[in-house]
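Text of the file structure_22.cif, holding mmCIF, C-alpha atoms:
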```
data_my_file
loop_
_atom_site.label_atom_id
_atom_site.label_comp_id
_atom_site.auth_asym_id
_atom_site.auth_seq_id
_atom_site.Cartn_x
_atom_site.Cartn_y
_atom_site.Cartn_z
CA MET W 1 0.00 0.00 0.00
CA TRP W 2 2.75 2.43 0.93
CA ARG W 3 4.58 1.91 -2.34
CA GLU W 4 1.39 2.47 -4.34
CA LEU W 5 0.51 5.70 -2.55
CA ALA W 6 4.02 7.16 -2.30
CA PRO W 7 4.30 8.66 -5.83
CA VAL W 8 0.88 10.36 -5.76
CA GLY W 9 1.17 14.14 -5.65
CA ARG W 10 4.94 14.11 -5.08
CA ASP W 11 6.86 17.00 -6.62
CA SER W 12 9.96 15.84 -8.49
CA GLY W 13 11.87 19.01 -7.62
CA SER W 14 11.27 19.36 -3.88
CA GLY W 15 10.53 15.73 -3.09
CA GLY W 16 7.56 16.95 -1.04
CA TYR W 17 3.86 16.38 -1.54
CA ARG W 18 1.28 18.76 -3.02
CA ARG W 19 -1.93 16.92 -2.32
CA TYR W 20 -4.34 19.82 -1.99
CA ALA W 21 -8.10 19.61 -1.57
CA TRP W 22 -9.95 18.74 -4.76
CA ASN W 23 -6.89 18.89 -7.05
CA GLU W 24 -5.70 16.09 -9.33
CA ALA W 25 -3.45 14.53 -6.69
CA ASP W 26 -6.34 14.57 -4.22
CA ALA W 27 -8.49 12.77 -6.78
CA ASP W 28 -5.79 10.12 -7.21
CA CYS W 29 -5.58 9.66 -3.43
CA ARG W 30 -9.35 9.28 -3.27
CA ALA W 31 -9.27 6.69 -6.06
CA TRP W 32 -6.58 4.80 -4.13
CA PHE W 33 -8.74 4.83 -0.98
CA ARG W 34 -11.78 3.53 -2.83
CA ALA W 35 -9.73 0.77 -4.44
CA GLN W 36 -8.40 -0.33 -1.04
CA ALA W 37 -11.94 -0.45 0.32
CA GLU W 38 -13.38 -2.41 -2.58
CA THR W 39 -10.45 -4.85 -2.67
CA ARG W 40 -11.31 -5.79 0.92
CA GLY W 41 -15.03 -6.12 0.25
CA LEU W 42 -15.87 -3.03 2.29
CA ALA W 43 -18.87 -0.84 1.49
CA TYR W 44 -17.53 2.40 0.05
CA GLU W 45 -19.30 5.70 0.76
CA LEU W 46 -18.68 9.39 0.03
CA ASP W 47 -20.53 11.52 2.58
CA ARG W 48 -22.23 14.89 2.13
CA ASN W 49 -19.00 16.77 2.95
CA GLY W 50 -16.67 14.84 0.66
CA ASN W 51 -15.22 12.57 3.35
CA GLN W 52 -14.62 8.95 2.33
CA TRP W 53 -15.80 5.93 4.33
CA ALA W 54 -15.16 2.19 4.03
CA TRP W 55 -17.59 0.12 6.11
CA LEU W 56 -17.41 -3.39 7.52
CA GLY W 57 -20.82 -4.19 8.93
CA ASP W 58 -24.03 -2.18 8.98
CA PRO W 59 -23.51 1.55 9.69
CA SER W 60 -27.11 1.87 10.84
CA ALA W 61 -26.47 -0.57 13.70
CA GLY W 62 -24.84 2.23 15.69
CA ASP W 63 -21.96 2.31 18.18
CA ALA W 64 -19.49 1.94 15.29
CA VAL W 65 -15.75 1.98 15.85
CA VAL W 66 -14.06 4.24 13.28
CA THR W 67 -10.41 4.73 12.46
CA GLY W 68 -8.53 6.67 9.79
CA SER W 69 -6.98 10.05 9.15
CA HIS W 70 -6.40 12.18 6.01
CA LEU W 71 -4.50 11.95 2.71
CA ASP W 72 -3.98 15.64 1.82
CA SER W 73 -0.77 17.53 2.57
CA VAL W 74 0.69 20.93 3.32
CA PRO W 75 2.75 22.47 0.49
CA ASP W 76 5.78 20.22 0.00
CA GLY W 77 4.78 18.17 3.00
CA GLY W 78 6.04 14.78 4.08
CA ALA W 79 4.75 11.31 3.26
CA PHE W 80 3.60 10.29 6.74
CA ASP W 81 1.42 13.11 8.11
CA GLY W 82 -2.07 11.75 7.49
CA PRO W 83 -1.41 8.88 5.07
CA LEU W 84 0.27 6.78 7.77
CA GLY W 85 -3.03 6.73 9.66
CA VAL W 86 -5.07 5.70 6.62
CA VAL W 87 -2.63 3.03 5.44
CA SER W 88 -2.29 1.70 9.00
CA SER W 89 -6.07 1.46 9.32
CA PHE W 90 -6.36 -0.83 6.30
CA ALA W 91 -3.34 -2.81 7.51
CA ALA W 92 -4.88 -3.17 10.98
CA LEU W 93 -8.06 -4.56 9.44
CA ASP W 94 -5.94 -7.03 7.47
CA GLU W 95 -4.26 -8.07 10.71
CA LEU W 96 -7.58 -8.57 12.49
CA ARG W 97 -8.86 -10.73 9.66
CA ARG W 98 -5.64 -12.75 9.85
CA ARG W 99 -6.33 -13.28 13.54
CA GLY W 100 -9.87 -14.44 12.74
CA ALA W 101 -11.40 -11.63 14.78
CA ARG W 102 -15.19 -11.61 15.10
CA PHE W 103 -16.65 -8.11 14.97
CA ALA W 104 -19.49 -7.27 17.34
CA LYS W 105 -19.79 -3.66 16.12
CA PRO W 106 -19.59 -1.95 12.73
CA LEU W 107 -16.09 -0.87 11.79
CA ALA W 108 -15.22 1.96 9.40
CA ILE W 109 -12.06 3.44 7.92
CA THR W 110 -12.23 7.07 6.87
CA ASN W 111 -10.31 9.69 4.91
CA PHE W 112 -11.32 13.17 6.01
CA GLY W 113 -11.07 15.79 3.31
CA ASP W 114 -8.95 18.96 3.43
CA GLU W 115 -7.45 18.38 6.86
CA GLU W 116 -4.37 20.53 6.28
CA GLY W 117 -6.20 23.54 4.85
CA ALA W 118 -3.38 24.13 2.36
CA ARG W 119 -5.67 25.32 -0.43
CA PHE W 120 -8.49 27.24 1.26
CA GLY W 121 -6.72 28.42 4.41
CA LEU W 122 -8.88 26.59 6.94
CA ALA W 123 -7.77 23.30 8.49
CA CYS W 124 -10.04 20.26 8.94
CA VAL W 125 -12.78 21.45 6.57
CA GLY W 126 -14.29 17.98 6.13
CA SER W 127 -14.53 17.19 9.84
CA ARG W 128 -15.52 20.76 10.77
CA LEU W 129 -18.47 20.64 8.36
CA THR W 130 -19.51 17.23 9.66
CA ALA W 131 -19.37 18.37 13.29
CA GLY W 132 -21.13 21.66 12.57
CA GLN W 133 -18.07 23.72 13.50
CA LEU W 134 -17.99 25.28 10.02
CA THR W 135 -21.24 26.74 8.79
CA VAL W 136 -22.42 26.28 5.23
CA GLU W 137 -22.30 30.06 4.77
CA LYS W 138 -18.67 30.27 5.88
CA ALA W 139 -17.76 27.28 3.71
CA HIS W 140 -19.21 29.06 0.68
CA GLU W 141 -16.99 32.05 1.44
CA LEU W 142 -13.75 30.04 1.37
CA ARG W 143 -11.46 30.88 -1.57
CA ASP W 144 -8.09 29.55 -2.66
CA GLY W 145 -5.12 31.72 -3.66
CA ASP W 146 -6.52 32.09 -7.18
CA GLY W 147 -9.92 33.17 -5.92
CA VAL W 148 -11.60 29.84 -6.72
CA PRO W 149 -14.42 29.13 -4.24
CA LEU W 150 -14.43 25.84 -2.37
CA THR W 151 -17.77 24.93 -3.91
CA ARG W 152 -16.53 25.49 -7.46
CA ALA W 153 -13.42 23.38 -6.76
CA MET W 154 -15.66 20.58 -5.51
CA GLU W 155 -17.82 20.83 -8.63
CA ALA W 156 -14.74 20.77 -10.88
CA ALA W 157 -13.70 17.54 -9.14
CA GLY W 158 -17.07 15.98 -9.94
CA TYR W 159 -18.72 16.46 -6.55
CA ASP W 160 -22.01 18.25 -5.86
CA PRO W 161 -21.42 20.68 -2.97
CA SER W 162 -25.12 21.53 -2.50
CA ALA W 163 -25.45 18.99 0.33
CA ILE W 164 -22.53 20.12 2.52
CA GLY W 165 -23.27 20.80 6.17
CA PRO W 166 -23.62 19.23 9.61
CA ASP W 167 -24.07 15.47 9.71
CA PRO W 168 -25.38 14.68 13.21
CA GLU W 169 -27.02 11.41 12.14
CA ARG W 170 -23.65 10.02 11.04
CA LEU W 171 -21.92 11.10 14.23
CA ALA W 172 -24.72 9.64 16.36
CA GLY W 173 -23.90 6.21 14.94
CA ILE W 174 -20.23 6.35 15.99
CA GLY W 175 -19.18 5.05 19.40
CA ALA W 176 -15.47 5.85 19.12
CA PHE W 177 -13.00 7.35 16.64
CA ILE W 178 -9.32 6.35 16.87
CA GLU W 179 -6.80 8.25 14.75
CA LEU W 180 -3.25 6.97 14.32
CA HIS W 181 -0.70 9.61 13.36
CA VAL W 182 3.03 10.02 13.04
CA GLU W 183 4.30 12.01 16.02
CA GLN W 184 5.12 15.59 15.08
CA GLY W 185 7.86 15.95 17.62
CA ARG W 186 10.54 13.82 19.32
CA ALA W 187 8.98 12.81 22.62
CA LEU W 188 8.77 9.12 21.69
CA ASP W 189 12.28 9.11 20.28
CA LEU W 190 13.59 10.57 23.52
CA SER W 191 11.64 8.08 25.66
CA GLY W 192 12.56 5.11 23.46
CA ASP W 193 8.94 4.11 22.82
CA ARG W 194 7.54 3.13 19.43
CA VAL W 195 3.92 4.12 20.13
CA GLY W 196 2.25 6.68 22.39
CA ILE W 197 -1.25 7.81 23.34
CA ALA W 198 -2.42 11.41 22.92
CA SER W 199 -3.57 13.29 26.00
CA ALA W 200 -4.56 16.66 24.57
CA ILE W 201 -4.19 19.04 21.63
CA TRP W 202 -2.99 22.54 22.45
CA PRO W 203 -5.28 25.46 21.63
CA HIS W 204 -4.22 26.95 18.30
CA GLY W 205 -5.33 29.26 15.54
CA ARG W 206 -4.45 31.23 12.41
CA TRP W 207 -4.50 34.99 12.12
CA ARG W 208 -4.10 37.05 8.93
CA PHE W 209 -2.19 40.32 9.19
CA ASP W 210 -2.81 42.80 6.33
CA PHE W 211 -0.22 45.59 6.14
CA HIS W 212 -1.35 48.34 3.72
CA GLY W 213 1.32 50.79 2.56
CA GLU W 214 1.99 52.75 -0.59
CA ALA W 215 3.29 51.29 -3.84
CA ASN W 216 6.19 53.21 -5.34
CA HIS W 217 9.35 52.89 -7.42
CA ALA W 218 12.18 51.06 -5.67
CA GLY W 219 14.82 52.95 -7.62
CA THR W 220 13.60 56.53 -7.25
CA THR W 221 11.77 56.82 -3.92
CA ARG W 222 13.87 58.11 -1.01
CA LEU W 223 13.95 55.86 2.04
CA ALA W 224 12.54 58.70 4.13
CA ASP W 225 9.55 59.06 1.79
CA ARG W 226 8.53 55.42 1.78
CA ARG W 227 5.49 53.76 3.38
CA ASP W 228 6.85 50.25 3.00
CA PRO W 229 4.65 47.58 4.61
CA MET W 230 7.37 44.97 4.23
CA LEU W 231 9.40 46.61 6.98
CA THR W 232 6.44 46.57 9.37
CA TYR W 233 5.77 42.95 8.48
CA ALA W 234 9.42 42.08 9.19
CA GLU W 235 9.27 43.79 12.59
CA THR W 236 6.13 41.79 13.36
CA VAL W 237 7.80 38.49 12.48
CA LEU W 238 10.61 39.27 14.91
CA ALA W 239 8.07 40.29 17.56
CA ALA W 240 6.25 36.97 17.14
CA ARG W 241 9.42 35.03 17.83
CA ARG W 242 10.24 37.19 20.86
CA GLU W 243 6.76 36.99 22.39
CA ALA W 244 6.51 33.24 21.86
CA GLU W 245 9.81 32.70 23.67
CA LEU W 246 8.66 34.84 26.60
CA ALA W 247 5.39 32.91 26.94
CA GLY W 248 6.81 29.44 26.35
CA ALA W 249 4.52 29.12 23.32
CA LEU W 250 4.86 28.85 19.53
CA ALA W 251 4.28 31.54 16.88
CA THR W 252 5.12 31.27 13.20
CA PHE W 253 4.64 33.46 10.15
CA GLY W 254 4.88 30.76 7.49
CA LYS W 255 2.94 32.24 4.60
CA ILE W 256 3.16 35.63 2.90
CA SER W 257 1.48 37.38 -0.03
CA VAL W 258 2.84 40.59 -1.54
CA GLU W 259 1.27 43.10 -3.93
CA PRO W 260 2.28 44.08 -6.55
CA ASN W 261 5.10 41.56 -5.96
CA GLY W 262 7.68 43.20 -8.20
CA VAL W 263 11.42 43.21 -7.61
CA ASN W 264 11.68 46.93 -8.34
CA ALA W 265 8.46 47.95 -6.61
CA ILE W 266 7.78 48.98 -3.02
CA PRO W 267 4.79 46.86 -1.95
CA SER W 268 1.34 48.33 -1.50
CA LEU W 269 0.20 45.36 0.56
CA VAL W 270 1.95 42.65 2.54
CA ARG W 271 -0.30 39.93 3.91
CA GLY W 272 1.16 37.46 6.40
CA TRP W 273 -0.42 34.55 8.22
CA LEU W 274 0.39 33.87 11.87
CA ASP W 275 0.08 30.37 13.27
CA SER W 276 0.22 30.33 17.07
CA ARG W 277 -0.13 27.50 19.59
CA ALA W 278 0.36 27.15 23.34
CA ALA W 279 -0.16 24.64 26.12
CA ASP W 280 -3.05 26.66 27.54
CA GLN W 281 -5.49 29.35 26.44
CA SER W 282 -4.02 32.08 28.61
CA ALA W 283 -0.55 31.73 27.08
CA LEU W 284 -1.99 31.69 23.57
CA ASP W 285 -4.05 34.83 24.20
CA THR W 286 -1.00 36.56 25.64
CA VAL W 287 1.17 35.78 22.63
CA VAL W 288 -1.35 36.78 19.98
CA ALA W 289 -2.29 40.00 21.79
CA ALA W 290 1.38 40.93 22.18
CA VAL W 291 2.16 40.23 18.52
CA GLU W 292 -0.79 42.35 17.38
CA ALA W 293 0.20 45.17 19.75
CA ALA W 294 3.75 45.16 18.40
CA ALA W 295 2.46 45.12 14.82
CA ARG W 296 0.19 48.11 15.49
CA GLU W 297 2.97 50.04 17.18
CA HIS W 298 5.32 49.58 14.21
CA ALA W 299 2.50 50.24 11.73
CA ASP W 300 1.50 53.53 13.38
CA ARG W 301 5.09 54.69 13.43
CA ALA W 302 5.56 53.93 9.73
CA GLY W 303 2.20 55.19 8.47
CA ILE W 304 0.99 51.69 7.64
CA GLU W 305 -2.64 50.63 7.91
CA LEU W 306 -3.07 47.28 9.68
CA ARG W 307 -5.98 44.87 9.69
CA VAL W 308 -5.93 41.61 11.69
CA VAL W 309 -8.43 38.82 11.00
CA ARG W 310 -8.71 35.56 12.94
CA GLU W 311 -9.29 32.96 10.23
CA SER W 312 -9.53 29.85 12.38
CA PHE W 313 -9.32 28.80 16.01
CA THR W 314 -9.47 25.53 17.92
CA PRO W 315 -9.64 25.53 21.73
CA VAL W 316 -7.76 23.02 23.85
CA VAL W 317 -8.90 19.43 23.29
CA GLU W 318 -8.69 16.96 26.15
CA PHE W 319 -9.27 13.50 24.72
CA GLU W 320 -11.86 11.55 26.67
CA HIS W 321 -10.17 10.00 29.67
CA ALA W 322 -12.33 6.88 29.76
CA LEU W 323 -11.49 5.96 26.17
CA ARG W 324 -7.85 6.88 26.66
CA ASN W 325 -7.65 4.71 29.77
CA GLU W 326 -9.38 1.82 27.99
CA ILE W 327 -6.81 2.01 25.18
CA GLY W 328 -4.04 1.95 27.78
CA ARG W 329 -5.59 -1.14 29.34
CA ILE W 330 -5.89 -2.87 25.96
CA LEU W 331 -2.26 -2.18 25.10
CA GLY W 332 -1.07 -3.65 28.38
CA GLU W 333 2.29 -2.09 29.21
CA ARG W 334 0.98 1.44 29.19
CA PRO W 335 2.50 3.56 26.40
CA PRO W 336 3.52 7.12 27.27
CA VAL W 337 0.79 9.77 27.15
CA LEU W 338 1.74 12.82 25.08
CA GLY W 339 0.33 16.27 24.44
CA THR W 340 0.68 17.83 21.01
CA GLY W 341 0.58 21.25 19.41
CA ALA W 342 -0.69 19.89 16.09
CA GLY W 343 -4.37 19.93 15.16
CA HIS W 344 -6.18 16.81 13.92
CA ASP W 345 -9.61 15.65 12.79
CA ALA W 346 -9.84 13.68 16.05
CA GLY W 347 -9.65 16.97 17.91
CA ILE W 348 -12.46 18.49 15.87
CA LEU W 349 -14.70 15.47 16.38
CA SER W 350 -13.97 15.23 20.11
CA GLY W 351 -16.77 17.68 20.88
CA SER W 352 -19.30 15.33 19.28
CA ILE W 353 -18.06 11.76 19.84
CA PRO W 354 -15.44 9.96 21.99
CA THR W 355 -12.07 10.24 20.23
CA ALA W 356 -8.50 9.16 20.89
CA MET W 357 -5.16 9.17 19.10
CA LEU W 358 -2.13 6.92 18.81
CA PHE W 359 1.26 8.36 17.84
CA VAL W 360 4.04 6.51 16.03
CA ARG W 361 7.65 7.44 16.73
CA ASN W 362 9.31 10.04 14.49
CA PRO W 363 13.10 9.79 15.08
CA THR W 364 13.89 13.31 13.85
CA GLY W 365 10.76 15.10 15.01
CA VAL W 366 10.56 16.75 11.58
CA SER W 367 7.10 17.14 10.08
CA HIS W 368 5.45 19.20 7.30
CA SER W 369 8.64 18.61 5.35
CA PRO W 370 9.96 16.03 2.86
CA ALA W 371 12.34 14.97 5.66
CA GLU W 372 9.43 13.62 7.72
CA PHE W 373 10.13 9.98 8.55
CA ALA W 374 9.08 6.93 10.52
CA ALA W 375 10.97 3.63 10.47
CA GLU W 376 9.22 0.58 9.03
CA ASP W 377 9.50 -1.33 12.31
CA ASP W 378 7.85 1.53 14.18
CA CYS W 379 5.08 1.76 11.59
CA ALA W 380 4.49 -1.98 11.96
CA ALA W 381 4.32 -1.55 15.74
CA GLY W 382 1.72 1.17 15.19
CA VAL W 383 -0.37 -1.14 13.02
CA LEU W 384 -0.30 -3.89 15.65
CA ALA W 385 -1.19 -1.42 18.41
CA LEU W 386 -4.09 -0.08 16.34
CA ALA W 387 -5.26 -3.62 15.58
CA ASP W 388 -5.20 -4.45 19.29
CA VAL W 389 -7.23 -1.33 20.09
CA LEU W 390 -9.80 -2.03 17.37
CA GLU W 391 -10.09 -5.64 18.49
CA GLY W 392 -10.62 -4.54 22.08
CA LEU W 393 -13.29 -1.99 21.14
CA ALA W 394 -15.13 -3.64 18.24
CA CYS W 395 -14.73 -7.39 18.51
CA ALA W 396 -16.59 -9.99 20.54
#
```

Rendering of file as structure tokens:
Amino acid sequence: MWRELAPVGRDSGSGGYRRYAWNEADADCRAWFRAQAETRGLAYELDRNGNQWAWLGDPSAGDAVVTGSHLDSVPDGGAFDGPLGVVSSFAALDELRRRGARFAKPLAITNFGDEEGARFGLACVGSRLTAGQLTVEKAHELRDGDGVPLTRAMEAAGYDPSAIGPDPERLAGIGAFIELHVEQGRALDLSGDRVGIASAIWPHGRWRFDFHGEANHAGTTRLADRRDPMLTYAETVLAARREAELAGALATFGKISVEPNGVNAIPSLVRGWLDSRAADQSALDTVVAAVEAAAREHADRAGIELRVVRESFTPVVEFEHALRNEIGRILGERPPVLGTGAGHDAGILSGSIPTAMLFVRNPTGVSHSPAEFAAEDDCAAGVLALADVLEGLACA
């Protein structure tokens, strides 16, 4: 499975993946998922929000045990973030069938759409729509960098977006969702464990900073006469790093858009996106407020107009303790319990259904990069752990 999926959406120059929502690579990933489902005799389904499902047993029976993750990527992302969870889910089912497991509950494997938010700027679109955390109106307002609406992109990919929206009936039939994911950090490598259990997801969000200045000629305009928003943006980037260090949090400006984007032109607009995360809400609020205050101070001094828009936000997610403890019991020698600053579909769904996560060791801690890696032995250990958990939750 891994060899089949590995070339899909991989850029020959960077070596990273460009599997964005509703593009050609995404379509190929979806075709791969459907083929895996049908090869195993599972009932394939595409839900109202474009998420894919592969069912063993009757979904209407209720109390289903669901596992899976996502197949899309960040720009030039790694191979493991998302796909490891989907591949491992199919492999875990294969392992359970090899064991002769008898299922007492419906089991499903899922691929949630647009988890990374690389194209439309909002993470976890598929699970947010399903859980009612993204309204239909807001979904219709989403645009990619070329101005293409989400709905038009879905139509171009052959999907009718008229049905998107909350799906409470589906969620009501799910008793537990378990997401396996490569660790996006080095905690397991440092502890020497192959697999860990998630405790919580840090609160996190994305803020857009629009710095409006004055376009002018780079070769004729005196430095003293310039209203250059790039300078204010640069000061804000440095402030973000400083404030994050002071609060023990994380703050990153990882995306930028410049107008008119000419080498010999002073920009009229610099738009930067801040990603900030912290172990608790108070620290996150402190960092973001301090970054905005610094940005406004530098903007006022330079004659720059500033607008700040919060584009997405996810509060702290504490995974259900009862399910987490049951997973620990199933796995016997209790794996370490880890917090994470990365968002996941399991976190979005946790407000509606019991959810939990398993992490697989990442020896470098690198993620969202072509250098992302997990050793085959560790991946196999993750599959066996997931199979044990599914057997404990879904089998007689």

| query | Could you spell out the hits of the PyMOL selection byres ((chain W and resi 206-219) around 8) on the shown file, as an NGL selection string? | reply | :W and (204-205 or 220-221 or 226-230 or 232-233 or 260 or 264-276 or 299 or 303-313)

| said: Residues within 7 Å of (4.3, 22.4, 20.6), file coordinates, counting only C-alpha atoms: what are they? Give the list as a PyMOL selection string. | reply: chain W and resi 250+277-278+340-341

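Interatomic distance, CA of Ala61 (chain W) to CA of Ala104 (chain W): 10.3 Å.
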
| said: For this structure, which residues satisfy the selection - the PyMOL selection byres ((chain W and resi 129) around 10) - when it is evaluated on the file as given? I want them as JSON, numbers by chain. | reply: {"W": [48, 49, 50, 124, 125, 126, 127, 128, 130, 131, 132, 133, 134, 135, 136, 138, 139, 164, 165, 166, 167, 348]}

Just write the chosen residues, C-alpha atoms, as a PDB file, in the coordinates of the input.
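The result, stored in out02.pdb:
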```pdb
ATOM      1  CA  ARG W  48     -22.230  14.890   2.130  1.00  0.00           C
ATOM      2  CA  ASN W  49     -19.000  16.770   2.950  1.00  0.00           C
ATOM      3  CA  GLY W  50     -16.670  14.840   0.660  1.00  0.00           C
ATOM      4  CA  CYS W 124     -10.040  20.260   8.940  1.00  0.00           C
ATOM      5  CA  VAL W 125     -12.780  21.450   6.570  1.00  0.00           C
ATOM      6  CA  GLY W 126     -14.290  17.980   6.130  1.00  0.00           C
ATOM      7  CA  SER W 127     -14.530  17.190   9.840  1.00  0.00           C
ATOM      8  CA  ARG W 128     -15.520  20.760  10.770  1.00  0.00           C
ATOM      9  CA  THR W 130     -19.510  17.230   9.660  1.00  0.00           C
ATOM     10  CA  ALA W 131     -19.370  18.370  13.290  1.00  0.00           C
ATOM     11  CA  GLY W 132     -21.130  21.660  12.570  1.00  0.00           C
ATOM     12  CA  GLN W 133     -18.070  23.720  13.500  1.00  0.00           C
ATOM     13  CA  LEU W 134     -17.990  25.280  10.020  1.00  0.00           C
ATOM     14  CA  THR W 135     -21.240  26.740   8.790  1.00  0.00           C
ATOM     15  CA  VAL W 136     -22.420  26.280   5.230  1.00  0.00           C
ATOM     16  CA  LYS W 138     -18.670  30.270   5.880  1.00  0.00           C
ATOM     17  CA  ALA W 139     -17.760  27.280   3.710  1.00  0.00           C
ATOM     18  CA  ILE W 164     -22.530  20.120   2.520  1.00  0.00           C
ATOM     19  CA  GLY W 165     -23.270  20.800   6.170  1.00  0.00           C
ATOM     20  CA  PRO W 166     -23.620  19.230   9.610  1.00  0.00           C
ATOM     21  CA  ASP W 167     -24.070  15.470   9.710  1.00  0.00           C
ATOM     22  CA  ILE W 348     -12.460  18.490  15.870  1.00  0.00           C
TER      23      ILE W 348
END
```

| said: Just to confirm, what's the straight-line distance from CA of Ala342 (chain W) to CA of Gln184 (chain W) in Å (one decimal)? | reply: 7.3 Å

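When CA of Gln36 (chain W) is paired with CA of Val87 (chain W), their separation reads 9.3 Å.
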
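The result of the PyMOL selection byres ((chain W and resi 334) around 12) on the shown file is Asp193, Arg194, Val195, Gly196, Ile197, Arg324, Asn325, Glu326, Ile327, Gly328, Arg329, Ile330, Leu331, Gly332, Glu333, Pro335, Pro336, Val337 and Ala385 of chain W.
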
Just the selected residues (C-alpha atoms), exported as an mmCIF file, keeping the file's coordinate frame, please.
```
data_model
loop_
_atom_site.group_PDB
_atom_site.id
_atom_site.type_symbol
_atom_site.label_atom_id
_atom_site.label_comp_id
_atom_site.auth_asym_id
_atom_site.auth_seq_id
_atom_site.Cartn_x
_atom_site.Cartn_y
_atom_site.Cartn_z
ATOM 1 C CA ASP W 193 8.940 4.110 22.820
ATOM 2 C CA ARG W 194 7.540 3.130 19.430
ATOM 3 C CA VAL W 195 3.920 4.120 20.130
ATOM 4 C CA GLY W 196 2.250 6.680 22.390
ATOM 5 C CA ILE W 197 -1.250 7.810 23.340
ATOM 6 C CA ARG W 324 -7.850 6.880 26.660
ATOM 7 C CA ASN W 325 -7.650 4.710 29.770
ATOM 8 C CA GLU W 326 -9.380 1.820 27.990
ATOM 9 C CA ILE W 327 -6.810 2.010 25.180
ATOM 10 C CA GLY W 328 -4.040 1.950 27.780
ATOM 11 C CA ARG W 329 -5.590 -1.140 29.340
ATOM 12 C CA ILE W 330 -5.890 -2.870 25.960
ATOM 13 C CA LEU W 331 -2.260 -2.180 25.100
ATOM 14 C CA GLY W 332 -1.070 -3.650 28.380
ATOM 15 C CA GLU W 333 2.290 -2.090 29.210
ATOM 16 C CA PRO W 335 2.500 3.560 26.400
ATOM 17 C CA PRO W 336 3.520 7.120 27.270
ATOM 18 C CA VAL W 337 0.790 9.770 27.150
ATOM 19 C CA ALA W 385 -1.190 -1.420 18.410
#
```

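The smallest atom-to-atom distance between Ala92 (chain W) and any of W:Ala224, W:Leu107, W:Ala302, W:Val317, using all atoms listed in the file, is found for W:Leu107.
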
| note | Min atom-atom distance to Ser282 (chain W) from the set W:Val316, W:Val258, W:Leu390, W:Ala295, counting only C-alpha atoms, belongs to W:Val316

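Residue neighbourhood of region 365-367 of chain W, excluding near-sequence residues (fewer than 6 positions): Gly77, Gly78, Ala79, Phe80, Asp81, Val182, Glu183, Gln184, Gly185, Arg186, Ala187, Leu188, Asp189, Phe373 and Ala374 of chain W, at 10 Å, using all atoms listed in the file.
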
| request: Tell me, as a PyMOL selection string, which residues lie within 10 Å of Ala156 (chain W), counting all atoms listed in the file; anything in the same chain fewer than 5 positions away does not count. | output: chain W and resi 22-23+150-151

Residue selection dump (C-alpha atoms) as a JSON list (two decimals), in the frame of the given file:
```
[["chain", "number", "residue", "atom", "x", "y", "z"],
["W", 22, "TRP", "CA", -9.95, 18.74, -4.76],
["W", 23, "ASN", "CA", -6.89, 18.89, -7.05],
["W", 150, "LEU", "CA", -14.43, 25.84, -2.37],
["W", 151, "THR", "CA", -17.77, 24.93, -3.91]]
```

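With all atoms listed in the file taken into account, the protein and nucleic acid residues at most 8 Å from Gly339 (chain W) (excluding it and anything under 5 positions from it in its own chain) are Ala198, Ser199, Ala200, Ile201 and Trp202 of chain W.
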
Go ahead and write the residues just picked, C-alpha atoms, as a JSON list (two decimals), in the frame of the given file.
```
[["chain", "number", "residue", "atom", "x", "y", "z"],
["W", 198, "ALA", "CA", -2.42, 11.41, 22.92],
["W", 199, "SER", "CA", -3.57, 13.29, 26.00],
["W", 200, "ALA", "CA", -4.56, 16.66, 24.57],
["W", 201, "ILE", "CA", -4.19, 19.04, 21.63],
["W", 202, "TRP", "CA", -2.99, 22.54, 22.45]]
```

Incomplete region 192-200 of chain W filled out to N, CA and C atoms as a compact mmCIF listing (two decimals), keeping the file's coordinate frame:
```
# COMPACT_ATOMS: atom_id res chain seq x y z
N GLY W 192 12.25 6.44 23.94
CA GLY W 192 12.56 5.11 23.46
C GLY W 192 11.35 4.24 23.17
N ASP W 193 10.17 4.85 23.08
CA ASP W 193 8.94 4.11 22.82
C ASP W 193 8.56 4.21 21.35
N ARG W 194 7.98 3.13 20.82
CA ARG W 194 7.54 3.13 19.43
C ARG W 194 6.18 3.82 19.25
N VAL W 195 5.30 3.65 20.24
CA VAL W 195 3.92 4.12 20.13
C VAL W 195 3.55 4.87 21.41
N GLY W 196 2.76 5.92 21.25
CA GLY W 196 2.25 6.68 22.39
C GLY W 196 0.78 6.96 22.23
N ILE W 197 0.16 7.44 23.33
CA ILE W 197 -1.25 7.81 23.34
C ILE W 197 -1.35 9.32 23.53
N ALA W 198 -2.25 9.96 22.80
CA ALA W 198 -2.42 11.41 22.92
C ALA W 198 -3.22 11.74 24.17
N SER W 199 -2.81 12.81 24.84
CA SER W 199 -3.57 13.29 26.00
C SER W 199 -4.43 14.49 25.63
N ALA W 200 -3.84 15.43 24.89
CA ALA W 200 -4.56 16.66 24.57
C ALA W 200 -3.91 17.33 23.37
```
